[in-house]
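Student: One file: start.cif (mmCIF, C-alpha atoms).
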data_upload
loop_
_atom_site.label_atom_id
_atom_site.label_comp_id
_atom_site.auth_asym_id
_atom_site.auth_seq_id
_atom_site.Cartn_x
_atom_site.Cartn_y
_atom_site.Cartn_z
CA MET D 1 -46.30 -13.79 -28.58
CA TYR D 2 -45.86 -11.03 -25.99
CA GLU D 3 -43.60 -8.10 -26.73
CA PHE D 4 -39.93 -8.27 -25.82
CA HIS D 5 -36.66 -6.53 -26.61
CA TYR D 6 -34.11 -8.30 -28.79
CA HIS D 7 -30.34 -8.13 -28.35
CA LYS D 8 -27.75 -9.72 -30.58
CA VAL D 9 -24.46 -10.02 -28.74
CA SER D 10 -20.98 -10.87 -29.96
CA SER D 11 -19.17 -11.96 -26.79
CA ILE D 12 -19.76 -13.83 -23.54
CA ASN D 13 -18.92 -10.65 -21.60
CA GLU D 14 -21.64 -8.82 -23.44
CA VAL D 15 -24.13 -11.54 -22.48
CA LYS D 16 -23.14 -11.21 -18.82
CA GLU D 17 -23.55 -7.43 -18.93
CA LYS D 18 -26.99 -7.74 -20.50
CA ILE D 19 -28.15 -10.38 -18.03
CA SER D 20 -27.17 -8.27 -15.04
CA SER D 21 -28.82 -5.11 -16.35
CA LEU D 22 -32.09 -6.44 -17.77
CA ASP D 23 -35.38 -7.20 -16.06
CA ASP D 24 -36.26 -10.78 -17.03
CA PRO D 25 -33.99 -11.79 -19.89
CA LYS D 26 -33.79 -15.16 -21.58
CA ILE D 27 -30.82 -16.46 -23.52
CA MET D 28 -31.67 -17.87 -26.95
CA ALA D 29 -29.53 -20.50 -28.67
CA GLY D 30 -31.25 -22.04 -31.73
CA GLY D 31 -34.70 -21.05 -30.51
CA MET D 32 -36.30 -24.34 -31.58
CA THR D 33 -37.98 -24.71 -28.18
CA LEU D 34 -37.96 -21.14 -26.93
CA ILE D 35 -39.80 -19.59 -29.89
CA PRO D 36 -42.66 -22.16 -29.88
CA THR D 37 -42.91 -21.71 -26.09
CA MET D 38 -43.15 -17.93 -26.47
CA LYS D 39 -45.70 -18.28 -29.28
CA GLN D 40 -47.90 -20.25 -26.90
CA ARG D 41 -47.34 -17.58 -24.24
CA LEU D 42 -45.87 -20.17 -21.91
CA ALA D 43 -42.83 -17.92 -21.66
CA ALA D 44 -42.80 -14.13 -21.69
CA PRO D 45 -39.24 -12.86 -21.20
CA SER D 46 -38.66 -9.10 -21.17
CA ASP D 47 -35.59 -9.51 -23.36
CA ILE D 48 -34.10 -12.08 -25.69
CA ILE D 49 -30.32 -12.35 -25.85
CA ASP D 50 -29.36 -14.09 -29.10
CA LEU D 51 -26.06 -16.01 -28.95
CA SER D 52 -25.85 -16.82 -32.66
CA ASP D 53 -23.11 -14.27 -33.42
CA ILE D 54 -20.66 -15.57 -30.79
CA ASN D 55 -18.34 -17.59 -33.00
CA GLU D 56 -16.32 -19.08 -30.12
CA LEU D 57 -19.40 -21.11 -29.14
CA ARG D 58 -19.39 -23.02 -32.43
CA GLY D 59 -17.36 -25.90 -33.71
CA ILE D 60 -16.21 -29.46 -33.08
CA SER D 61 -12.70 -30.55 -32.19
CA LYS D 62 -10.77 -33.51 -30.83
CA GLU D 63 -8.44 -32.99 -27.91
CA LYS D 64 -6.65 -36.15 -26.73
CA ASP D 65 -9.41 -38.58 -25.71
CA PHE D 66 -12.19 -36.03 -25.83
CA ILE D 67 -14.54 -34.56 -28.40
CA ILE D 68 -15.33 -30.94 -27.64
CA ILE D 69 -18.53 -29.56 -29.13
CA GLY D 70 -19.31 -25.84 -28.88
CA SER D 71 -22.72 -25.11 -27.36
CA MET D 72 -24.03 -23.30 -30.47
CA THR D 73 -23.11 -26.19 -32.78
CA THR D 74 -26.24 -27.34 -34.60
CA HIS D 75 -27.65 -30.86 -34.61
CA PHE D 76 -26.96 -30.95 -38.36
CA GLU D 77 -23.28 -30.12 -37.77
CA VAL D 78 -22.94 -32.86 -35.13
CA HIS D 79 -24.80 -35.36 -37.33
CA THR D 80 -22.57 -34.72 -40.34
CA SER D 81 -19.25 -34.05 -38.56
CA GLU D 82 -16.45 -36.33 -39.77
CA ILE D 83 -14.81 -36.14 -36.34
CA VAL D 84 -17.96 -37.16 -34.46
CA LYS D 85 -18.83 -39.87 -37.01
CA LYS D 86 -15.36 -41.37 -36.56
CA GLU D 87 -14.91 -41.05 -32.79
CA ILE D 88 -18.45 -41.28 -31.37
CA PRO D 89 -20.69 -42.50 -34.22
CA SER D 90 -23.57 -43.13 -31.81
CA LEU D 91 -23.64 -39.40 -31.01
CA ALA D 92 -23.73 -38.45 -34.71
CA PHE D 93 -26.53 -41.00 -35.14
CA LEU D 94 -28.48 -39.52 -32.21
CA ALA D 95 -28.19 -35.99 -33.59
CA GLY D 96 -29.72 -37.19 -36.86
CA LEU D 97 -32.83 -38.41 -35.03
CA ILE D 98 -33.69 -35.02 -33.55
CA GLY D 99 -36.69 -33.25 -35.09
CA ASP D 100 -36.36 -32.96 -38.86
CA PRO D 101 -33.71 -31.53 -41.22
CA MET D 102 -34.97 -27.94 -40.90
CA VAL D 103 -35.01 -28.13 -37.11
CA ARG D 104 -31.56 -29.74 -37.13
CA HIS D 105 -30.26 -26.83 -39.20
CA ARG D 106 -31.07 -24.43 -36.34
CA GLY D 107 -31.33 -26.36 -33.07
CA THR D 108 -28.16 -26.52 -30.98
CA ILE D 109 -26.61 -29.00 -28.55
CA GLY D 110 -26.18 -26.36 -25.84
CA GLY D 111 -29.79 -25.26 -26.11
CA SER D 112 -31.04 -28.83 -25.91
CA VAL D 113 -28.93 -29.69 -22.88
CA ALA D 114 -29.67 -26.42 -21.04
CA ASN D 115 -33.41 -26.92 -21.56
CA SER D 116 -33.48 -30.40 -19.94
CA ASP D 117 -36.63 -31.39 -21.79
CA PRO D 118 -37.63 -34.79 -20.39
CA SER D 119 -37.88 -36.24 -23.92
CA ALA D 120 -34.88 -34.60 -25.57
CA ASP D 121 -32.32 -36.97 -27.10
CA TYR D 122 -28.98 -35.36 -26.18
CA PRO D 123 -29.25 -35.58 -22.35
CA SER D 124 -29.13 -39.40 -22.50
CA SER D 125 -25.79 -39.26 -24.33
CA VAL D 126 -24.37 -36.59 -22.03
CA ILE D 127 -25.14 -38.79 -19.02
CA SER D 128 -24.13 -42.08 -20.57
CA LEU D 129 -20.82 -40.87 -21.97
CA GLY D 130 -20.06 -39.01 -18.74
CA ALA D 131 -19.58 -35.69 -20.53
CA LYS D 132 -18.56 -32.49 -18.79
CA ILE D 133 -20.63 -29.36 -19.29
CA ILE D 134 -18.18 -26.48 -19.60
CA THR D 135 -19.71 -23.14 -18.64
CA ASP D 136 -18.32 -19.63 -18.29
CA LYS D 137 -17.89 -20.35 -14.56
CA ARG D 138 -16.98 -24.03 -14.10
CA GLU D 139 -17.09 -27.61 -15.34
CA ILE D 140 -20.16 -29.59 -14.33
CA ASP D 141 -20.26 -33.39 -14.31
CA ALA D 142 -23.12 -34.88 -16.32
CA ASP D 143 -24.23 -36.78 -13.21
CA ASP D 144 -24.80 -33.48 -11.38
CA PHE D 145 -26.26 -31.49 -14.26
CA PHE D 146 -29.85 -32.63 -14.88
CA ILE D 147 -31.90 -31.86 -11.78
CA ASP D 148 -35.55 -32.15 -12.76
CA LEU D 149 -38.15 -31.32 -15.41
CA PHE D 150 -36.65 -28.38 -17.38
CA GLU D 151 -34.25 -27.80 -14.48
CA THR D 152 -30.47 -28.04 -14.54
CA ALA D 153 -27.56 -27.13 -12.28
CA LEU D 154 -26.99 -23.94 -14.31
CA ASP D 155 -27.29 -20.59 -12.54
CA ASP D 156 -29.59 -18.02 -14.15
CA ASP D 157 -26.64 -16.12 -15.57
CA GLU D 158 -24.50 -19.14 -16.46
CA ILE D 159 -23.77 -19.94 -20.10
CA ILE D 160 -22.73 -23.27 -21.55
CA ILE D 161 -19.56 -22.80 -23.60
CA SER D 162 -19.09 -26.38 -24.76
CA LEU D 163 -19.64 -30.04 -24.02
CA LYS D 164 -16.65 -32.28 -23.47
CA PHE D 165 -17.38 -35.91 -24.38
CA PRO D 166 -14.86 -38.62 -23.42
CA ILE D 167 -14.49 -40.97 -26.40
CA PRO D 168 -16.01 -44.31 -25.34
CA ASN D 169 -14.80 -47.78 -26.34
CA LYS D 170 -18.20 -48.25 -27.93
CA ALA D 171 -21.70 -46.86 -27.54
CA ALA D 172 -25.18 -47.09 -29.05
CA TYR D 173 -28.44 -45.16 -28.83
CA MET D 174 -31.88 -46.57 -29.44
CA LYS D 175 -35.03 -44.52 -29.35
CA PHE D 176 -38.73 -45.28 -29.40
CA PRO D 177 -40.09 -42.09 -30.94
CA GLN D 178 -43.47 -40.66 -30.02
CA PRO D 179 -45.26 -41.28 -33.31
CA ALA D 180 -46.44 -37.68 -33.82
CA SER D 181 -43.72 -35.47 -32.36
CA ARG D 182 -40.83 -37.91 -32.87
CA TYR D 183 -39.50 -36.87 -29.46
CA ALA D 184 -38.22 -39.83 -27.45
CA LEU D 185 -41.04 -41.63 -25.70
CA VAL D 186 -38.05 -43.48 -24.31
CA GLY D 187 -34.45 -43.37 -25.50
CA VAL D 188 -31.58 -45.37 -24.05
CA PHE D 189 -27.89 -44.66 -24.60
CA VAL D 190 -25.53 -47.47 -23.62
CA ALA D 191 -21.80 -46.74 -23.47
CA VAL D 192 -18.81 -48.88 -22.65
CA THR D 193 -16.52 -46.18 -21.28
CA LYS D 194 -13.05 -46.27 -19.73
CA GLU D 195 -14.76 -46.04 -16.34
CA GLY D 196 -17.18 -48.89 -16.99
CA ILE D 197 -20.62 -49.31 -18.47
CA ARG D 198 -22.91 -46.31 -18.26
CA VAL D 199 -26.56 -46.21 -19.33
CA GLY D 200 -28.41 -42.92 -19.89
CA VAL D 201 -32.20 -42.89 -20.17
CA THR D 202 -34.33 -40.10 -21.60
CA GLY D 203 -38.09 -39.75 -22.09
CA ALA D 204 -38.95 -41.96 -19.14
CA GLY D 205 -38.49 -39.69 -16.13
CA PRO D 206 -38.77 -35.97 -15.30
CA CYS D 207 -35.26 -35.57 -16.69
CA ALA D 208 -32.58 -37.84 -18.12
CA PHE D 209 -31.05 -40.25 -15.61
CA ARG D 210 -28.65 -43.16 -15.28
CA SER D 211 -30.11 -46.62 -14.95
CA LYS D 212 -27.88 -48.10 -12.28
CA GLU D 213 -29.94 -51.31 -12.42
CA ILE D 214 -29.10 -51.95 -16.07
CA GLU D 215 -25.49 -50.86 -15.59
CA LYS D 216 -25.07 -53.42 -12.81
CA ALA D 217 -26.58 -56.23 -14.87
CA LEU D 218 -24.46 -55.39 -17.90
CA SER D 219 -21.27 -55.17 -15.86
CA GLN D 220 -21.79 -58.79 -14.85
CA ASP D 221 -22.84 -60.02 -18.27
CA PHE D 222 -22.88 -57.74 -21.29
CA SER D 223 -25.79 -59.33 -23.10
CA GLU D 224 -29.44 -58.73 -23.91
CA ASN D 225 -30.44 -61.60 -21.64
CA SER D 226 -28.85 -60.04 -18.58
CA ILE D 227 -31.44 -57.23 -18.66
CA GLU D 228 -34.40 -59.59 -18.79
CA ASN D 229 -34.90 -59.79 -15.04
CA VAL D 230 -33.84 -56.24 -14.18
CA ASN D 231 -36.57 -54.29 -12.44
CA ILE D 232 -36.98 -50.68 -13.59
CA PRO D 233 -39.15 -49.04 -10.91
CA SER D 234 -42.03 -47.13 -12.50
CA GLU D 235 -43.02 -45.06 -9.45
CA ASN D 236 -41.26 -41.89 -10.52
CA LEU D 237 -41.60 -42.26 -14.28
CA ASN D 238 -43.71 -40.06 -16.54
CA SER D 239 -47.26 -41.03 -17.36
CA ASP D 240 -49.39 -39.31 -20.00
CA ILE D 241 -51.85 -40.05 -22.81
CA HIS D 242 -49.05 -41.47 -24.93
CA ALA D 243 -47.63 -43.95 -22.44
CA SER D 244 -48.17 -45.03 -18.84
CA ALA D 245 -45.28 -45.17 -16.39
CA GLU D 246 -45.38 -48.97 -16.51
CA TYR D 247 -45.16 -48.95 -20.31
CA ARG D 248 -42.23 -46.52 -20.19
CA SER D 249 -40.50 -48.74 -17.64
CA HIS D 250 -40.92 -51.68 -20.03
CA LEU D 251 -39.64 -49.61 -22.96
CA VAL D 252 -36.44 -48.73 -21.06
CA LYS D 253 -35.54 -52.42 -21.04
CA VAL D 254 -36.56 -52.96 -24.66
CA MET D 255 -34.54 -49.98 -25.89
CA ALA D 256 -31.55 -51.03 -23.75
CA LYS D 257 -31.69 -54.50 -25.31
CA ARG D 258 -31.82 -53.04 -28.80
CA ALA D 259 -28.83 -50.82 -28.03
CA ILE D 260 -26.88 -53.84 -26.78
CA LYS D 261 -27.86 -55.85 -29.83
CA LYS D 262 -26.49 -53.04 -31.95
CA LEU D 263 -23.20 -53.22 -30.05
CA SER D 264 -22.67 -56.95 -30.30
CA MET A 265 -35.98 -2.62 -35.15
CA LYS A 266 -34.53 -2.06 -38.56
CA ILE A 267 -33.47 -5.14 -40.51
CA ASN A 268 -31.57 -5.44 -43.78
CA VAL A 269 -32.30 -8.60 -45.70
CA ASN A 270 -31.96 -9.82 -49.23
CA VAL A 271 -35.23 -11.39 -50.36
CA ASN A 272 -35.08 -13.34 -53.62
CA GLY A 273 -32.18 -11.23 -54.84
CA GLN A 274 -33.57 -7.87 -53.79
CA ASP A 275 -32.06 -5.84 -50.91
CA ILE A 276 -34.75 -4.80 -48.45
CA SER A 277 -34.60 -2.52 -45.43
CA GLU A 278 -37.62 -2.73 -43.16
CA GLU A 279 -38.75 -1.80 -39.68
CA VAL A 280 -40.09 -4.81 -37.74
CA GLU A 281 -41.10 -5.61 -34.18
CA PRO A 282 -38.77 -8.13 -32.47
CA ARG A 283 -41.70 -10.51 -32.05
CA THR A 284 -42.50 -10.62 -35.77
CA LEU A 285 -41.90 -14.12 -37.09
CA LEU A 286 -39.94 -14.41 -40.31
CA VAL A 287 -42.90 -16.08 -42.03
CA ASP A 288 -45.13 -13.13 -41.11
CA PHE A 289 -42.51 -10.72 -42.41
CA ILE A 290 -42.41 -12.64 -45.69
CA ARG A 291 -46.18 -12.85 -46.05
CA GLU A 292 -47.35 -9.55 -44.55
CA ASN A 293 -44.49 -7.12 -45.21
CA MET A 294 -43.15 -8.58 -48.43
CA LYS A 295 -46.59 -9.77 -49.64
CA LEU A 296 -44.98 -13.02 -50.75
CA THR A 297 -47.81 -15.38 -49.91
CA GLY A 298 -46.36 -18.50 -51.52
CA THR A 299 -44.78 -19.38 -48.18
CA HIS A 300 -47.60 -20.94 -46.17
CA VAL A 301 -48.43 -21.34 -42.49
CA GLY A 302 -49.87 -24.79 -41.91
CA CYS A 303 -49.43 -25.57 -38.24
CA ASP A 304 -47.49 -22.67 -36.71
CA THR A 305 -45.88 -25.22 -34.34
CA THR A 306 -42.75 -26.27 -36.29
CA GLN A 307 -44.23 -29.55 -37.45
CA CYS A 308 -45.69 -29.27 -40.94
CA GLY A 309 -42.99 -27.62 -43.05
CA ALA A 310 -45.36 -25.54 -45.22
CA CYS A 311 -43.33 -22.44 -44.23
CA THR A 312 -39.97 -23.88 -45.37
CA ILE A 313 -37.69 -21.29 -46.95
CA HIS A 314 -33.93 -21.02 -47.49
CA LEU A 315 -31.92 -18.78 -45.19
CA ASP A 316 -28.45 -18.26 -46.65
CA GLY A 317 -29.17 -21.28 -48.85
CA ILE A 318 -30.21 -23.65 -46.04
CA ALA A 319 -33.76 -24.92 -45.49
CA ILE A 320 -35.39 -23.73 -42.27
CA LYS A 321 -38.92 -23.35 -40.93
CA SER A 322 -39.74 -19.66 -41.15
CA CYS A 323 -42.47 -19.90 -38.49
CA THR A 324 -39.82 -20.69 -35.88
CA ILE A 325 -37.37 -17.85 -36.34
CA LEU A 326 -37.77 -14.15 -35.66
CA ALA A 327 -37.48 -11.76 -38.58
CA VAL A 328 -34.77 -9.88 -36.62
CA GLN A 329 -32.67 -13.07 -36.57
CA ALA A 330 -32.54 -12.91 -40.37
CA ASN A 331 -30.86 -9.50 -40.31
CA ASN A 332 -28.01 -9.29 -42.86
CA LYS A 333 -28.95 -12.67 -44.30
CA SER A 334 -30.42 -13.74 -47.59
CA ILE A 335 -33.86 -15.29 -47.88
CA THR A 336 -35.13 -17.38 -50.77
CA THR A 337 -38.83 -18.19 -50.98
CA ILE A 338 -40.78 -20.26 -53.48
CA GLU A 339 -41.24 -17.08 -55.56
CA GLY A 340 -37.47 -16.73 -55.92
CA ILE A 341 -36.46 -20.06 -57.42
CA SER A 342 -37.75 -19.81 -60.99
CA LYS A 343 -35.52 -17.92 -63.42
CA ASN A 344 -36.80 -15.85 -66.38
CA ASP A 345 -40.31 -17.32 -66.24
CA LYS A 346 -38.82 -20.81 -66.38
CA LEU A 347 -39.78 -23.18 -63.58
CA HIS A 348 -37.02 -24.47 -61.30
CA PRO A 349 -36.20 -28.14 -62.13
CA MET A 350 -37.76 -29.15 -58.81
CA GLN A 351 -41.01 -27.35 -59.68
CA GLU A 352 -40.91 -28.88 -63.15
CA SER A 353 -40.55 -32.32 -61.61
CA PHE A 354 -43.52 -31.79 -59.27
CA LYS A 355 -45.54 -30.82 -62.36
CA GLU A 356 -44.35 -33.83 -64.37
CA ASN A 357 -44.86 -36.36 -61.57
CA HIS A 358 -48.17 -35.03 -60.28
CA GLY A 359 -46.47 -34.25 -56.96
CA LEU A 360 -49.35 -32.24 -55.57
CA GLN A 361 -53.07 -32.24 -55.11
CA CYS A 362 -54.41 -29.31 -53.09
CA GLY A 363 -51.02 -27.63 -53.23
CA PHE A 364 -50.92 -26.22 -49.72
CA CYS A 365 -47.78 -28.10 -48.62
CA THR A 366 -46.15 -27.80 -52.05
CA PRO A 367 -44.06 -24.63 -51.57
CA GLY A 368 -42.52 -26.18 -48.45
CA MET A 369 -42.04 -29.53 -50.19
CA VAL A 370 -40.28 -27.88 -53.13
CA MET A 371 -38.00 -25.81 -50.88
CA ALA A 372 -37.22 -28.84 -48.69
CA GLY A 373 -36.69 -30.97 -51.82
CA ILE A 374 -34.14 -28.54 -53.26
CA ASP A 375 -32.28 -28.53 -49.93
CA ILE A 376 -32.27 -32.34 -49.72
CA ARG A 377 -30.91 -32.78 -53.25
CA ARG A 378 -28.29 -30.06 -52.58
CA ARG A 379 -27.01 -32.01 -49.57
CA LYS A 380 -27.54 -35.49 -50.99
CA PRO A 381 -27.53 -35.39 -54.79
CA SER A 382 -27.88 -39.15 -55.24
CA ILE A 383 -30.25 -39.89 -52.35
CA ASP A 384 -32.28 -43.11 -52.52
CA GLU A 385 -35.98 -43.47 -51.82
CA ASP A 386 -35.72 -44.83 -48.26
CA GLU A 387 -33.42 -42.06 -47.13
CA LEU A 388 -35.54 -39.42 -48.87
CA ARG A 389 -38.62 -40.53 -46.96
CA LEU A 390 -36.70 -40.00 -43.71
CA GLU A 391 -35.51 -36.60 -44.90
CA LEU A 392 -39.14 -35.58 -45.48
CA GLU A 393 -39.87 -36.09 -41.78
CA GLY A 394 -40.58 -32.39 -41.29
CA ASN A 395 -42.95 -31.86 -44.22
CA ILE A 396 -46.53 -33.02 -43.90
CA CYS A 397 -48.92 -33.57 -46.81
CA ARG A 398 -52.54 -34.56 -46.20
CA CYS A 399 -53.50 -35.33 -49.81
CA THR A 400 -50.98 -37.24 -51.82
CA GLY A 401 -49.84 -40.09 -49.59
CA TYR A 402 -46.32 -38.87 -50.42
CA HIS A 403 -45.60 -41.31 -53.27
CA ASN A 404 -45.61 -38.70 -56.01
CA ILE A 405 -43.80 -36.14 -53.86
CA VAL A 406 -41.01 -38.67 -53.34
CA LYS A 407 -40.99 -39.42 -57.06
CA SER A 408 -40.85 -35.70 -57.88
CA ILE A 409 -37.88 -34.99 -55.60
CA LEU A 410 -35.97 -38.10 -56.74
CA ASN A 411 -36.47 -37.30 -60.42
CA ALA A 412 -35.82 -33.54 -60.38
CA LYS A 413 -33.13 -32.80 -62.98
CA MET A 414 -30.93 -30.69 -60.74
#
Show me the file's structure as structure tokens.
Tutor:
Amino acid sequence: MYEFHYHKVSSINEVKEKISSLDDPKIMAGGMTLIPTMKQRLAAPSDIIDLSDINELRGISKEKDFIIIGSMTTHFEVHTSEIVKKEIPSLAFLAGLIGDPMVRHRGTIGGSVANSDPSADYPSSVISLGAKIITDKREIDADDFFIDLFETALDDDEIIISLKFPIPNKAAYMKFPQPASRYALVGVFVAVTKEGIRVGVTGAGPCAFRSKEIEKALSQDFSENSIENVNIPSENLNSDIHASAEYRSHLVKVMAKRAIKKLS
Amino acid sequence: MKINVNVNGQDISEEVEPRTLLVDFIRENMKLTGTHVGCDTTQCGACTIHLDGIAIKSCTILAVQANNKSITTIEGISKNDKLHPMQESFKENHGLQCGFCTPGMVMAGIDIRRRKPSIDEDELRLELEGNICRCTGYHNIVKSILNAKM
């Protein structure tokens, strides 16, 4: 790991001050991706700004028809939250599939979403449930948030405060884990929301996306069979030693079917 | 940077570089070499310790992040020369062969039983996701954690 300076801050204002005055700073949430990346020298920030002491970024609450999850809330907290288990059990289930217990004790929802890892679990749920990403500057719709591989709509100095999930009528997540890393080779989140059926896919493309093809088929007939003849184009999907684009395209349908089976 | 930590009940004040990993602080500064580094990529769990009582992988946290917190390593769990019940159970159930993963397994096992005192075998195997053993085939590790008299 290259040398860097470390700053522990206690307020959002302090983060903003640091960002504007430092050379090439990086904000750290749980550090479960950032630290391994720095160890491999794939990242070499001049400064690390640690958010872990900002208490207002933690916690889970219910406000009307929404579940609000602070960006520094850990995967473990989401997985075991009574509120999340009651209102959006599929989200609690998803959080329990991330990494392993020790990683879940430190990794955070805000960090995962801000990183836009193509195989991360959370982005599929954010897209499928139509969550809003609340930052220190604005509210961003899930549909506009994930731009590309490790790229989001966030500005360099923008901080996620919380995620606002509308409570769906019902939802399910199914994941085909990469056998070694347990990241999603493909994960599909299907939600029946107040605005219709939304399907979020992770692992398959450069970043999480909505499968409009599956949504259309399910809107006509909410059954496993309706997906059978849907065509998931493989042109822009990921291809690596673990799975070809064609295989990933096939898995999207299989995981979607499993999610629907879980819902019926 | 100066950090103040409590390691196995002892208050420590040490100067560390921001880039020092907690596991290196434990092994190199504190000379507590029971905490192992197996993979250094957050996969194997040999470096599992408790930070404020919660199991974490000490290769994936900076020592400076542990400032003002308490650290428990494998050396800190036995009391008055008496093995911790989890260690005793590993001994009884032959829960180790080469022993390299064992400190992490024991620390993870204590954390699992703390959170889920009456866990069953299937769930325990899922909970052990982040701890890799290349010798035992896991059967006796599972038996050890299930049967620890905690």
Student: Within 10 Å of Glu356 of chain A, counting only C-alpha atoms, which residues show up once you throw out same-chain ones fewer than 3 positions away? Write them as JSON, numbers by chain, please.
Tutor: {"A": [350, 351, 352, 353, 359, 404, 407, 408, 411, 412]}
Student: Pick out the closest residue to chain D from this set: A:Pro349, A:Pro282, A:Gly401, A:Gly273. Count only C-alpha atoms.
Tutor: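 Smallest separation from chain D among the options: A:Pro282.
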Student: Give as a PyMOL selection string every residue of chain A that touches chain D within 6 Å, counting only C-alpha atoms.
Tutor: chain A and resi 282+319-320+393-394
Student: Smallest atom-to-atom distance to Arg283 of chain A: which of A:Val271, A:Leu326, A:Met369, A:Ile318, using all atoms listed in the file?
Tutor: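 With all atoms listed in the file as the atom set, the closest residue is A:Leu326.
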Student: To one decimal place in Å, what is the distance between atom CA of Asp375 of chain A and atom CA of Thr336 of chain A?
Tutor: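 These two atoms are separated by 11.5 Å.
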Student: If we count all atoms listed in the file, what is near Phe222 of chain D at a cut-off of 12 Å, once residues fewer than 3 positions away on the same chain are taken out, given as a list in words?
Tutor: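 Residues near the query, excluding close chain neighbours: Val190, Ala191, Val192, Gly196, Ile197, Arg198, Ile214, Glu215, Lys216, Ala217, Leu218, Ser219, Asn225, Ser226, Ile227, Glu228, Ala256, Lys257, Ala259, Ile260, Lys261, Leu263 and Ser264 of chain D.
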Student: Skipping near chain neighbours, those fewer than 2 positions away, what residues fall within 12 Å of Asp275 of chain A using only C-alpha atoms, listed as a ChimeraX atom specification?
Tutor: /A:267-273,277-278,294,331-336
Student: Please evaluate the PyMOL selection byres ((chain D and resi 168-173) around 10) against the displayed coordinates and give the resulting residues as a PDB file with C-alpha atoms, in the coordinates of the input.
Tutor:
ATOM      1  CA  ASP D  65      -9.410 -38.580 -25.710  1.00  0.00           C
ATOM      2  CA  PHE D  66     -12.190 -36.030 -25.830  1.00  0.00           C
ATOM      3  CA  GLU D  87     -14.910 -41.050 -32.790  1.00  0.00           C
ATOM      4  CA  ILE D  88     -18.450 -41.280 -31.370  1.00  0.00           C
ATOM      5  CA  PRO D  89     -20.690 -42.500 -34.220  1.00  0.00           C
ATOM      6  CA  SER D  90     -23.570 -43.130 -31.810  1.00  0.00           C
ATOM      7  CA  LEU D  91     -23.640 -39.400 -31.010  1.00  0.00           C
ATOM      8  CA  PHE D  93     -26.530 -41.000 -35.140  1.00  0.00           C
ATOM      9  CA  LEU D  94     -28.480 -39.520 -32.210  1.00  0.00           C
ATOM     10  CA  ASP D 121     -32.320 -36.970 -27.100  1.00  0.00           C
ATOM     11  CA  SER D 124     -29.130 -39.400 -22.500  1.00  0.00           C
ATOM     12  CA  SER D 125     -25.790 -39.260 -24.330  1.00  0.00           C
ATOM     13  CA  SER D 128     -24.130 -42.080 -20.570  1.00  0.00           C
ATOM     14  CA  LEU D 129     -20.820 -40.870 -21.970  1.00  0.00           C
ATOM     15  CA  GLY D 130     -20.060 -39.010 -18.740  1.00  0.00           C
ATOM     16  CA  PHE D 165     -17.380 -35.910 -24.380  1.00  0.00           C
ATOM     17  CA  PRO D 166     -14.860 -38.620 -23.420  1.00  0.00           C
ATOM     18  CA  ILE D 167     -14.490 -40.970 -26.400  1.00  0.00           C
ATOM     19  CA  MET D 174     -31.880 -46.570 -29.440  1.00  0.00           C
ATOM     20  CA  LYS D 175     -35.030 -44.520 -29.350  1.00  0.00           C
ATOM     21  CA  GLY D 187     -34.450 -43.370 -25.500  1.00  0.00           C
ATOM     22  CA  VAL D 188     -31.580 -45.370 -24.050  1.00  0.00           C
ATOM     23  CA  PHE D 189     -27.890 -44.660 -24.600  1.00  0.00           C
ATOM     24  CA  VAL D 190     -25.530 -47.470 -23.620  1.00  0.00           C
ATOM     25  CA  ALA D 191     -21.800 -46.740 -23.470  1.00  0.00           C
ATOM     26  CA  VAL D 192     -18.810 -48.880 -22.650  1.00  0.00           C
ATOM     27  CA  THR D 193     -16.520 -46.180 -21.280  1.00  0.00           C
ATOM     28  CA  LYS D 194     -13.050 -46.270 -19.730  1.00  0.00           C
ATOM     29  CA  GLU D 195     -14.760 -46.040 -16.340  1.00  0.00           C
ATOM     30  CA  GLY D 196     -17.180 -48.890 -16.990  1.00  0.00           C
ATOM     31  CA  ILE D 197     -20.620 -49.310 -18.470  1.00  0.00           C
ATOM     32  CA  ARG D 198     -22.910 -46.310 -18.260  1.00  0.00           C
ATOM     33  CA  VAL D 199     -26.560 -46.210 -19.330  1.00  0.00           C
ATOM     34  CA  GLY D 200     -28.410 -42.920 -19.890  1.00  0.00           C
ATOM     35  CA  VAL D 201     -32.200 -42.890 -20.170  1.00  0.00           C
ATOM     36  CA  MET D 255     -34.540 -49.980 -25.890  1.00  0.00           C
ATOM     37  CA  ALA D 256     -31.550 -51.030 -23.750  1.00  0.00           C
ATOM     38  CA  ARG D 258     -31.820 -53.040 -28.800  1.00  0.00           C
ATOM     39  CA  ALA D 259     -28.830 -50.820 -28.030  1.00  0.00           C
ATOM     40  CA  ILE D 260     -26.880 -53.840 -26.780  1.00  0.00           C
ATOM     41  CA  LYS D 261     -27.860 -55.850 -29.830  1.00  0.00           C
ATOM     42  CA  LYS D 262     -26.490 -53.040 -31.950  1.00  0.00           C
ATOM     43  CA  LEU D 263     -23.200 -53.220 -30.050  1.00  0.00           C
TER      44      LEU D 263
END
Student: Kindly indicate which residue among A:Thr337, A:Met414, A:Asn357, A:Gly298 lies nearest to Tyr402 of chain A, using all atoms listed in the file for the distances.
Tutor: A:Asn357
Student: Any idea what the distance is between atom CA of Glu339 of chain A and atom CA of Cys397 of chain A?
Tutor: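 If I compute the distance from atom CA of Glu339 of chain A to atom CA of Cys397 of chain A, I get 20.2 Å.
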Student: Evaluated on this file, the PyMOL selection byres ((chain A and resi 284) around 9) picks out some residues - which ones are they, written as number ranges by chain?
Tutor: D: 1; A: 280-283, 285-289, 325-328
Student: Give me the residues within 8 Å of Asp141 of chain D as an MDAnalysis selection string, counting only C-alpha atoms and dropping any in the same chain fewer than 4 places off.
Tutor: chainID D and resid 130:133 145
